[in-house]
$ cat entry.cif   # mmCIF, C-alpha atoms
data_input
#
loop_
_atom_site.label_atom_id
_atom_site.label_comp_id
_atom_site.auth_asym_id
_atom_site.auth_seq_id
_atom_site.Cartn_x
_atom_site.Cartn_y
_atom_site.Cartn_z
CA MET A 1 12.62 -9.65 -23.85
CA ASN A 2 15.73 -10.88 -22.06
CA THR A 3 14.98 -11.98 -18.49
CA SER A 4 18.16 -14.00 -17.84
CA SER A 5 19.93 -11.03 -16.22
CA PRO A 6 17.02 -8.75 -15.36
CA ASP A 7 17.41 -5.01 -15.02
CA LEU A 8 14.78 -3.98 -12.44
CA ASP A 9 13.92 -0.35 -11.74
CA VAL A 10 11.31 1.17 -9.44
CA SER A 11 10.45 4.79 -10.21
CA ASP A 12 7.76 7.31 -9.31
CA ASN A 13 5.36 8.46 -12.01
CA ALA A 14 3.95 11.38 -9.99
CA ASP A 15 1.74 12.54 -12.89
CA GLN A 16 -0.21 9.28 -12.60
CA ASN A 17 0.16 8.84 -8.81
CA ARG A 18 1.90 5.52 -9.09
CA PHE A 19 5.21 3.80 -8.67
CA GLU A 20 6.27 1.76 -11.68
CA LEU A 21 8.37 -1.38 -11.92
CA ARG A 22 10.26 -1.81 -15.16
CA LEU A 23 11.95 -5.04 -16.16
CA ASN A 24 14.57 -4.48 -18.85
CA GLY A 25 12.81 -1.20 -19.67
CA ASP A 26 9.31 -2.69 -20.01
CA LEU A 27 6.55 -1.70 -17.58
CA VAL A 28 5.56 -4.86 -15.66
CA GLY A 29 3.97 -3.49 -12.47
CA ILE A 30 2.44 -0.50 -10.75
CA LEU A 31 1.64 0.52 -7.20
CA GLY A 32 -0.99 3.25 -7.12
CA TYR A 33 -0.84 5.79 -4.33
CA TYR A 34 -3.01 8.64 -3.13
CA ASP A 35 -1.67 11.70 -1.31
CA PHE A 36 -4.51 11.78 1.19
CA GLU A 37 -3.27 14.07 3.93
CA ARG A 38 -1.12 17.11 3.25
CA ALA A 39 0.29 17.83 6.66
CA PRO A 40 1.65 21.28 7.46
CA ALA A 41 5.45 21.48 7.80
CA PRO A 42 7.35 19.99 9.55
CA ASN A 43 4.94 17.02 9.63
CA PRO A 44 5.45 14.46 6.84
CA PRO A 45 2.64 13.85 4.32
CA VAL A 46 0.61 10.66 4.70
CA VAL A 47 0.30 8.73 1.44
CA ASP A 48 -2.08 5.79 0.93
CA PHE A 49 -0.64 2.84 -1.00
CA MET A 50 -3.83 1.76 -2.74
CA HIS A 51 -3.24 -1.16 -5.10
CA THR A 52 -0.36 -3.27 -6.41
CA VAL A 53 -0.58 -4.80 -9.90
CA ILE A 54 1.89 -7.01 -11.76
CA VAL A 55 1.32 -7.91 -15.42
CA GLU A 56 -0.14 -11.43 -15.46
CA ASP A 57 2.69 -12.91 -17.56
CA PHE A 58 5.17 -11.84 -14.88
CA GLY A 59 3.28 -13.05 -11.81
CA HIS A 60 4.68 -15.41 -9.19
CA ARG A 61 8.30 -14.25 -9.68
CA GLY A 62 8.61 -12.04 -6.61
CA LEU A 63 8.25 -8.84 -8.63
CA ALA A 64 5.44 -7.47 -6.42
CA ALA A 65 7.81 -7.61 -3.44
CA VAL A 66 10.48 -5.78 -5.45
CA LEU A 67 7.94 -3.10 -6.40
CA VAL A 68 6.60 -2.64 -2.86
CA GLY A 69 10.06 -2.62 -1.26
CA GLY A 70 11.36 -0.12 -3.79
CA SER A 71 8.29 2.07 -3.35
CA LEU A 72 8.67 2.06 0.43
CA ASP A 73 12.36 2.97 0.04
CA LEU A 74 11.43 5.94 -2.17
CA ALA A 75 8.71 6.99 0.29
CA ARG A 76 11.20 6.85 3.18
CA ARG A 77 13.75 9.00 1.28
CA ARG A 78 11.04 11.61 0.63
CA GLY A 79 9.95 11.66 4.26
CA TRP A 80 6.50 10.25 3.48
CA ARG A 81 4.42 8.25 5.93
CA VAL A 82 2.60 5.36 4.25
CA ARG A 83 -0.89 4.05 5.02
CA PRO A 84 -1.02 0.48 3.61
CA VAL A 85 -4.52 0.23 2.12
CA CYS A 86 -3.45 -2.48 -0.39
CA THR A 87 -3.71 -5.96 1.12
CA TYR A 88 -0.52 -7.07 -0.63
CA VAL A 89 1.37 -4.15 0.92
CA GLN A 90 -0.07 -5.14 4.32
CA ARG A 91 1.17 -8.74 3.89
CA PHE A 92 4.58 -7.49 2.73
CA LEU A 93 4.91 -5.25 5.79
CA ALA A 94 3.96 -8.10 8.13
CA SER A 95 7.17 -9.88 7.15
CA HIS A 96 9.40 -6.81 6.65
CA GLU A 97 9.60 -5.04 10.00
CA ASN A 98 12.40 -2.77 8.77
CA TYR A 99 9.71 -0.48 7.27
CA ARG A 100 7.83 0.18 10.54
CA ASP A 101 9.20 3.73 10.70
CA VAL A 102 7.42 4.58 7.43
CA VAL A 103 4.02 3.04 8.19
CA VAL A 104 0.90 4.73 9.56
CA PRO A 105 -1.72 2.30 10.86
CA LEU A 106 -5.03 1.99 9.08
CA GLU A 107 -7.94 3.72 10.78
CA PRO A 108 -11.63 2.99 10.47
CA PRO A 109 -13.46 5.34 8.08
CA ARG A 110 -14.26 8.63 9.83
CA ASN A 111 -17.82 9.01 8.56
CA GLU A 112 -18.94 5.47 9.30
CA PRO A 113 -20.87 5.14 12.58
CA GLN A 114 -19.52 2.62 15.05
CA ARG A 115 -21.60 -0.53 15.45
CA LYS A 116 -23.20 -0.86 18.83
CA ALA A 117 -23.83 -4.14 20.53
CA SER A 118 -27.44 -5.23 20.46
CA ARG A 119 -29.30 -4.50 23.68
CA HIS A 120 -32.21 -6.75 22.83
CA LYS A 121 -32.72 -9.55 25.29
CA VAL A 122 -33.31 -13.00 23.95
CA PRO A 123 -36.45 -14.43 25.54
CA ALA A 124 -35.92 -17.53 27.65
CA ARG A 125 -37.22 -20.75 26.12
CA LYS A 126 -39.91 -22.56 28.01
CA ALA A 127 -39.48 -26.26 28.45
#

$ encode --input "entry.cif" --output "structure tokens"
Amino acid sequence: MNTSSPDLDVSDNADQNRFELRLNGDLVGILGYYDFERAPAPNPPVVDFMHTVIVEDFGHRGLAAVLVGGSLDLARRRGWRVRPVCTYVQRFLASHENYRDVVVPLEPPRNEPQRKASRHKVPARKA
């Protein structure tokens, strides 16, 4: 594989619910997504970006950032709102504020009860 003048392409594989990063035609990374909330028109759909994976041999070359940036660009063009579940996507967004218009903040799970502060008093120690 020739990597001296790389040809990078981010595309959507909707059948597998993932964006794919190809380097010189070879699949080197994926970003899985889940269409969680189908909003009625004219509201945009909310899509969870679940997990980013780069083939181990191609790690530490900045390809994950290329994949996430390209995926966010495609999401923006489609009018999607993105919920960044993937921790890598969260870190990417922290340093790329130009994607704020696409992002929906994470919310706590709806079915999980909120933790309440303990109301038990701690007995005083006797000296």

$ resolve_selection --input "entry.cif" --expression "the PyMOL selection byres ((chain A and resi 8) around 7)" --output "ChimeraX atom specification"
/A:6-7,9-10,21-24

$ resolve_selection --input "entry.cif" --expression "the PyMOL selection byres ((chain A and resi 104) around 12)" --output "count of residues only"
23

$ closest_residue --input "entry.cif" --among "A:Met50, A:Ala94, A:Leu67, A:Val55" --to "Phe19 in chain A" --atoms "all atoms listed in the file"
A:Leu67

$ residues_around --input "entry.cif" --residues "Leu31 in chain A" --least-positions-apart "5" --cutoff "6 Å" --atoms "only C-alpha atoms" --output "PDB file with C-alpha atoms, in the coordinates of the input"
ATOM      1  CA  ARG A  18       1.900   5.520  -9.090  1.00  0.00           C
ATOM      2  CA  PHE A  19       5.210   3.800  -8.670  1.00  0.00           C
ATOM      3  CA  HIS A  51      -3.240  -1.160  -5.100  1.00  0.00           C
ATOM      4  CA  THR A  52      -0.360  -3.270  -6.410  1.00  0.00           C
TER       5      THR A  52
END

$ atom_distance --input "entry.cif" --atom1 "CA of Tyr88 in chain A" --atom2 "CA of Asn13 in chain A"
20.1 Å

$ atom_distance --input "entry.cif" --atom1 "CA of Asn98 in chain A" --atom2 "CA of Ala64 in chain A"
17.4 Å
